[in-house]
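Colleague: Submitted below is the structure of interest, expressed as structure tokens.
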Amino acid sequence: MKNYNSAADLVDLAQYPITDLHGQEGYAFAERCRQQYLETGLCALPEFIRPEALEVLVEEANAVSGEAYFCKNVHNAYLTEDNPNLAPDDIARRQEHTYVGSVPYDRIGRDTQLCELYHWDPLKDFIGHVLDKKQFYRFADPLGACSINVFVDGGEHGWHFDESEFTVTLMLQPPESGGIFEYVPMIRGLDNEKEIVTNVLNGDRKNVVELPFSAGTLLIFGGNQTIHRVTRVEGNRPRLVPVLCFAERPDLTNSESVRQLFWGRSGSESESRI
Ligand SMILES: [Fe+2]
């Protein structure tokens, strides 16, 4: 396996000058990304990872994919508890299916290229600029700071809005079939939001956008304004997508119940041994 000295070697900086945030070219580029995010609900940067580096990242992710904890559940599009006071056919009572695995941060080696990239300040600062965050930090969660989503055969993520304002992912390995990221941009809070959500969940494809899985793409996504899903995956090759988490406070973590849900335990291995 080829090794790289710096995270800067992983990224196509000729196409994406993210290390030049205070220079004219880099600033203009980051501003264009911010506009794309504001106008479309996401900023997708295809071939962000250089081809040789992509091979290493894919190899690393496959090596730890067996460490994924799998979570199978049903939820409504708003990820809220079922409300029996609502009419049975209210769209907020419609149950969607999710089956996804996640390799926790403490099972991803600190010496991996993924971890190098996550800990690289220019990436953090660029993402903070796109999201217009004055204070921006890596997430302090021992399991969820940087994890890898694993969709095996039958894996899917039903239609939903995220609880968090934004999500940053890296497309690494497409499945043999399915696993398409679909979304209906920027509908949260619209007067006809409920009508749109009802139509989408009933299979109306009119406003649905498909984001093709293109390995090496960095995606900054405003998931609480945009309803989205990952269609069911088929085949033996898992769909692998690292999730890089950031926050506006340096000490922010998930709650223990969220850790239990996604990784089946509440603390890191070293903590739980104490
Ligand atoms: Fe989501």
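Residues in the structure tokens are named by chain (A, B, ... in the order shown) and by number from 1 within that chain; ligands are numbered from 1 in the order shown.
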Which residues of chain A come within 12 Å of ligand 1, and for each one, what is the closest pair of atoms and their distance in Å to one decimal, counting only C-alpha atoms and all ligand atoms, sorted by chain and residue number, as a Markdown table?
Modeller:
```
| residue | atom | partner | partner_atom_place_in_ligand_line | distance |
| --- | --- | --- | --- | --- |
| A:His75 | CA | ligand 1 | 1 (Fe) | 12.0 |
| A:Ala77 | CA | ligand 1 | 1 (Fe) | 9.9 |
| A:Tyr78 | CA | ligand 1 | 1 (Fe) | 10.4 |
| A:Leu79 | CA | ligand 1 | 1 (Fe) | 9.9 |
| A:Thr98 | CA | ligand 1 | 1 (Fe) | 10.6 |
| A:Val100 | CA | ligand 1 | 1 (Fe) | 11.5 |
| A:Asn149 | CA | ligand 1 | 1 (Fe) | 11.3 |
| A:Glu156 | CA | ligand 1 | 1 (Fe) | 11.2 |
| A:His157 | CA | ligand 1 | 1 (Fe) | 7.8 |
| A:Gly158 | CA | ligand 1 | 1 (Fe) | 8.8 |
| A:Trp159 | CA | ligand 1 | 1 (Fe) | 8.2 |
| A:His160 | CA | ligand 1 | 1 (Fe) | 6.4 |
| A:Phe161 | CA | ligand 1 | 1 (Fe) | 6.1 |
| A:Asp162 | CA | ligand 1 | 1 (Fe) | 4.7 |
| A:Glu163 | CA | ligand 1 | 1 (Fe) | 8.1 |
| A:Ser164 | CA | ligand 1 | 1 (Fe) | 8.6 |
| A:Glu165 | CA | ligand 1 | 1 (Fe) | 10.2 |
| A:Phe166 | CA | ligand 1 | 1 (Fe) | 9.1 |
| A:Thr167 | CA | ligand 1 | 1 (Fe) | 7.8 |
| A:Val168 | CA | ligand 1 | 1 (Fe) | 10.5 |
| A:Thr169 | CA | ligand 1 | 1 (Fe) | 10.6 |
| A:Phe181 | CA | ligand 1 | 1 (Fe) | 9.9 |
| A:Glu182 | CA | ligand 1 | 1 (Fe) | 10.6 |
| A:Tyr183 | CA | ligand 1 | 1 (Fe) | 10.0 |
| A:Ile220 | CA | ligand 1 | 1 (Fe) | 11.8 |
| A:Phe221 | CA | ligand 1 | 1 (Fe) | 9.1 |
| A:Gly222 | CA | ligand 1 | 1 (Fe) | 9.2 |
| A:Gly223 | CA | ligand 1 | 1 (Fe) | 5.9 |
| A:Asn224 | CA | ligand 1 | 1 (Fe) | 8.0 |
| A:Gln225 | CA | ligand 1 | 1 (Fe) | 10.6 |
| A:Thr226 | CA | ligand 1 | 1 (Fe) | 9.1 |
| A:Ile227 | CA | ligand 1 | 1 (Fe) | 8.0 |
| A:His228 | CA | ligand 1 | 1 (Fe) | 6.5 |
| A:Arg229 | CA | ligand 1 | 1 (Fe) | 6.9 |
| A:Val230 | CA | ligand 1 | 1 (Fe) | 8.7 |
| A:Val243 | CA | ligand 1 | 1 (Fe) | 10.7 |
```
Colleague: Once you have the residues from the selection above, write them out as a short mmCIF file (atom, residue, chain, number, x, y, z; two decimals), in the first residue's frame, restricted to N, CA, C and O atoms.
Modeller:
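Generated file (part.cif):
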```
data_model
loop_
_atom_site.label_atom_id
_atom_site.label_comp_id
_atom_site.auth_asym_id
_atom_site.auth_seq_id
_atom_site.Cartn_x
_atom_site.Cartn_y
_atom_site.Cartn_z
N HIS A 75 -38.64 4.62 11.09
CA HIS A 75 -38.73 6.00 11.58
C HIS A 75 -39.60 6.78 10.63
O HIS A 75 -39.78 6.39 9.46
N ALA A 77 -40.31 10.56 8.58
CA ALA A 77 -39.39 11.42 7.83
C ALA A 77 -38.76 12.49 8.70
O ALA A 77 -37.74 13.08 8.33
N TYR A 78 -39.37 12.75 9.86
CA TYR A 78 -38.87 13.81 10.75
C TYR A 78 -38.05 13.24 11.92
O TYR A 78 -37.63 13.99 12.80
N LEU A 79 -37.86 11.94 11.93
CA LEU A 79 -37.12 11.24 12.98
C LEU A 79 -37.69 11.56 14.36
O LEU A 79 -36.96 11.69 15.34
N THR A 98 -34.80 1.72 7.63
CA THR A 98 -33.36 1.99 7.53
C THR A 98 -32.57 0.79 8.05
O THR A 98 -32.92 0.21 9.08
N VAL A 100 -28.46 0.16 8.21
CA VAL A 100 -27.13 0.67 7.87
C VAL A 100 -26.14 0.32 8.97
O VAL A 100 -26.50 0.25 10.15
N ASN A 149 -19.93 4.78 7.07
CA ASN A 149 -21.20 4.11 6.83
C ASN A 149 -21.00 2.94 5.88
O ASN A 149 -20.34 3.07 4.84
N GLU A 156 -30.28 0.18 3.35
CA GLU A 156 -31.00 1.33 2.79
C GLU A 156 -31.17 2.36 3.90
O GLU A 156 -31.01 2.06 5.08
N HIS A 157 -31.48 3.58 3.50
CA HIS A 157 -31.79 4.62 4.48
C HIS A 157 -33.05 5.33 3.99
O HIS A 157 -33.02 6.01 2.97
N GLY A 158 -34.16 5.14 4.69
CA GLY A 158 -35.45 5.66 4.24
C GLY A 158 -35.49 7.18 4.23
O GLY A 158 -34.64 7.85 4.83
N TRP A 159 -36.50 7.72 3.57
CA TRP A 159 -36.66 9.17 3.45
C TRP A 159 -36.66 9.84 4.82
O TRP A 159 -37.36 9.41 5.72
N HIS A 160 -35.90 10.92 4.97
CA HIS A 160 -35.88 11.65 6.24
C HIS A 160 -35.21 13.02 6.07
O HIS A 160 -34.49 13.26 5.09
N PHE A 161 -35.47 13.88 7.02
CA PHE A 161 -34.67 15.09 7.23
C PHE A 161 -33.70 14.76 8.36
O PHE A 161 -34.08 14.13 9.35
N ASP A 162 -32.45 15.24 8.26
CA ASP A 162 -31.51 15.04 9.36
C ASP A 162 -31.86 15.95 10.53
O ASP A 162 -32.46 17.00 10.36
N GLU A 163 -31.43 15.52 11.72
CA GLU A 163 -31.53 16.41 12.88
C GLU A 163 -30.46 17.49 12.81
O GLU A 163 -30.67 18.62 13.20
N SER A 164 -29.28 17.13 12.32
CA SER A 164 -28.18 18.10 12.28
C SER A 164 -28.29 18.98 11.05
O SER A 164 -28.82 18.58 10.01
N GLU A 165 -27.78 20.19 11.19
CA GLU A 165 -27.87 21.19 10.12
C GLU A 165 -27.13 20.73 8.86
O GLU A 165 -27.58 20.95 7.75
N PHE A 166 -25.97 20.09 9.04
CA PHE A 166 -25.15 19.72 7.88
C PHE A 166 -24.46 18.39 8.12
O PHE A 166 -24.29 17.96 9.27
N THR A 167 -24.07 17.76 7.02
CA THR A 167 -23.34 16.50 7.07
C THR A 167 -22.25 16.56 6.00
O THR A 167 -22.49 17.09 4.91
N VAL A 168 -21.08 16.03 6.34
CA VAL A 168 -19.99 15.97 5.37
C VAL A 168 -19.64 14.51 5.13
O VAL A 168 -19.35 13.78 6.08
N THR A 169 -19.69 14.10 3.88
CA THR A 169 -19.38 12.71 3.56
C THR A 169 -18.39 12.63 2.40
O THR A 169 -18.22 13.59 1.64
N PHE A 181 -28.18 8.04 -3.77
CA PHE A 181 -28.56 9.15 -2.89
C PHE A 181 -29.57 10.00 -3.65
O PHE A 181 -29.27 10.52 -4.72
N GLU A 182 -30.77 10.11 -3.09
CA GLU A 182 -31.84 10.89 -3.73
C GLU A 182 -32.30 11.98 -2.77
O GLU A 182 -32.34 11.75 -1.55
N TYR A 183 -32.68 13.13 -3.31
CA TYR A 183 -33.10 14.22 -2.42
C TYR A 183 -34.05 15.17 -3.14
O TYR A 183 -34.10 15.23 -4.36
N ILE A 220 -20.85 18.20 0.94
CA ILE A 220 -21.27 18.98 2.10
C ILE A 220 -22.77 19.20 1.90
O ILE A 220 -23.19 19.78 0.90
N PHE A 221 -23.55 18.72 2.85
CA PHE A 221 -24.98 18.57 2.60
C PHE A 221 -25.80 19.14 3.76
O PHE A 221 -25.53 18.84 4.92
N GLY A 222 -26.78 19.97 3.45
CA GLY A 222 -27.65 20.55 4.47
C GLY A 222 -28.87 19.68 4.69
O GLY A 222 -29.95 19.95 4.17
N GLY A 223 -28.69 18.63 5.46
CA GLY A 223 -29.69 17.57 5.54
C GLY A 223 -30.94 17.87 6.35
O GLY A 223 -31.88 17.07 6.32
N ASN A 224 -30.98 18.98 7.08
CA ASN A 224 -32.23 19.24 7.81
C ASN A 224 -33.20 20.13 7.03
O ASN A 224 -34.33 20.33 7.44
N GLN A 225 -32.78 20.62 5.86
CA GLN A 225 -33.67 21.39 4.99
C GLN A 225 -34.14 20.58 3.79
O GLN A 225 -35.07 20.97 3.09
N THR A 226 -33.46 19.49 3.54
CA THR A 226 -33.63 18.72 2.31
C THR A 226 -33.96 17.27 2.66
O THR A 226 -33.16 16.59 3.30
N ILE A 227 -35.14 16.81 2.24
CA ILE A 227 -35.48 15.41 2.53
C ILE A 227 -34.64 14.52 1.59
O ILE A 227 -34.39 14.87 0.44
N HIS A 228 -34.17 13.39 2.12
CA HIS A 228 -33.26 12.56 1.34
C HIS A 228 -33.33 11.11 1.76
O HIS A 228 -33.88 10.79 2.82
N ARG A 229 -32.79 10.24 0.91
CA ARG A 229 -32.73 8.82 1.24
C ARG A 229 -31.59 8.17 0.47
O ARG A 229 -31.03 8.77 -0.47
N VAL A 230 -31.25 6.94 0.87
CA VAL A 230 -30.34 6.10 0.10
C VAL A 230 -31.13 4.86 -0.28
O VAL A 230 -31.65 4.15 0.60
N VAL A 243 -18.18 9.44 7.11
CA VAL A 243 -18.92 10.63 7.56
C VAL A 243 -17.98 11.42 8.46
O VAL A 243 -17.53 10.92 9.49
#
```
Colleague: As number ranges by chain, please: every residue in region 100-216 of chain A that a backbone DSSP assignment puts in strand (DSSP E).
Modeller: A: 100-103, 137-138, 146-151, 156-160, 167-170, 181-184, 209-211
Colleague: Suppose we keep N, CA and C atoms; can you now write the selection as a compact mmCIF listing (two decimals), in the first residue's frame?
Modeller:
```txt
# COMPACT_ATOMS: atom_id res chain seq x y z
N VAL A 100 -28.46 0.16 8.21
CA VAL A 100 -27.13 0.67 7.87
C VAL A 100 -26.14 0.32 8.97
N GLY A 101 -24.91 0.08 8.57
CA GLY A 101 -23.85 -0.18 9.55
C GLY A 101 -22.92 1.03 9.63
N SER A 102 -22.21 1.11 10.75
CA SER A 102 -21.25 2.21 10.90
C SER A 102 -20.02 1.71 11.66
N VAL A 103 -18.85 1.95 11.07
CA VAL A 103 -17.59 1.66 11.75
C VAL A 103 -17.26 2.88 12.61
N TYR A 137 -15.01 23.32 14.57
CA TYR A 137 -14.10 22.35 15.21
C TYR A 137 -14.43 20.95 14.73
N ARG A 138 -13.46 20.07 14.88
CA ARG A 138 -13.78 18.66 14.69
C ARG A 138 -14.66 18.22 15.87
N CYS A 146 -15.49 10.70 13.27
CA CYS A 146 -15.29 10.31 11.87
C CYS A 146 -15.58 8.81 11.80
N SER A 147 -16.65 8.45 11.13
CA SER A 147 -17.05 7.04 11.07
C SER A 147 -17.22 6.65 9.60
N ILE A 148 -17.47 5.37 9.35
CA ILE A 148 -17.67 4.94 7.96
C ILE A 148 -19.02 4.23 7.86
N ASN A 149 -19.93 4.78 7.07
CA ASN A 149 -21.20 4.11 6.83
C ASN A 149 -21.00 2.94 5.88
N VAL A 150 -21.60 1.82 6.26
CA VAL A 150 -21.46 0.59 5.49
C VAL A 150 -22.87 0.09 5.13
N PHE A 151 -23.17 0.08 3.85
CA PHE A 151 -24.45 -0.47 3.39
C PHE A 151 -24.14 -1.79 2.70
N GLU A 156 -30.28 0.18 3.35
CA GLU A 156 -31.00 1.33 2.79
C GLU A 156 -31.17 2.36 3.90
N HIS A 157 -31.48 3.58 3.50
CA HIS A 157 -31.79 4.62 4.48
C HIS A 157 -33.05 5.33 3.99
N GLY A 158 -34.16 5.14 4.69
CA GLY A 158 -35.45 5.66 4.24
C GLY A 158 -35.49 7.18 4.23
N TRP A 159 -36.50 7.72 3.57
CA TRP A 159 -36.66 9.17 3.45
C TRP A 159 -36.66 9.84 4.82
N HIS A 160 -35.90 10.92 4.97
CA HIS A 160 -35.88 11.65 6.24
C HIS A 160 -35.21 13.02 6.07
N THR A 167 -24.07 17.76 7.02
CA THR A 167 -23.34 16.50 7.07
C THR A 167 -22.25 16.56 6.00
N VAL A 168 -21.08 16.03 6.34
CA VAL A 168 -19.99 15.97 5.37
C VAL A 168 -19.64 14.51 5.13
N THR A 169 -19.69 14.10 3.88
CA THR A 169 -19.38 12.71 3.56
C THR A 169 -18.39 12.63 2.40
N LEU A 170 -17.78 11.46 2.30
CA LEU A 170 -16.83 11.20 1.24
C LEU A 170 -17.29 9.92 0.55
N PHE A 181 -28.18 8.04 -3.77
CA PHE A 181 -28.56 9.15 -2.89
C PHE A 181 -29.57 10.00 -3.65
N GLU A 182 -30.77 10.11 -3.09
CA GLU A 182 -31.84 10.89 -3.73
C GLU A 182 -32.30 11.98 -2.77
N TYR A 183 -32.68 13.13 -3.31
CA TYR A 183 -33.10 14.22 -2.42
C TYR A 183 -34.05 15.17 -3.14
N VAL A 184 -34.81 15.88 -2.32
CA VAL A 184 -35.69 16.94 -2.82
C VAL A 184 -35.24 18.21 -2.09
N VAL A 209 -34.15 14.58 -7.00
CA VAL A 209 -32.85 14.68 -7.69
C VAL A 209 -32.02 13.47 -7.27
N GLU A 210 -31.34 12.86 -8.23
CA GLU A 210 -30.43 11.75 -7.91
C GLU A 210 -29.00 12.27 -7.98
N LEU A 211 -28.23 11.97 -6.95
CA LEU A 211 -26.81 12.32 -6.97
C LEU A 211 -26.04 11.05 -7.29
```
Colleague: Interatomic distance between CA of Pro238 (chain A) and CA of Pro174 (chain A)?
Modeller: 7.2 Å
Colleague: My list of candidates is A:Gly235, A:Pro46, A:Pro17, A:Gly155. Which is closest to Leu172 (chain A) when distances are computed with only C-alpha atoms?
Modeller: A:Pro46
Colleague: Write out as JSON, numbers by chain the residues lying within 9 Å of region 104-108 of chain A, counting only C-alpha atoms and excluding same-chain residues fewer than 6 positions away.
Modeller: {"A": [60, 61, 64, 67, 68, 69, 114, 115, 141, 142, 143, 144, 145, 146, 147, 148, 262, 263, 268, 269]}
Colleague: Find, counting only C-alpha atoms, the residue in A:Asn236, A:Trp120, A:Gly128, A:Ile187 that gets nearest to Pro175 (chain A).
Modeller: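 For Pro175 (chain A), the nearest of the candidates is A:Asn236.
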Colleague: Which of region 9-209 of chain A counts as helix (DSSP H, G or I) under DSSP, as a VMD selection string please?
Modeller: chain A and resid 9 18 to 20 24 to 40 51 to 67 91 to 93 105 to 107 113 to 118 121 to 130 193 to 201
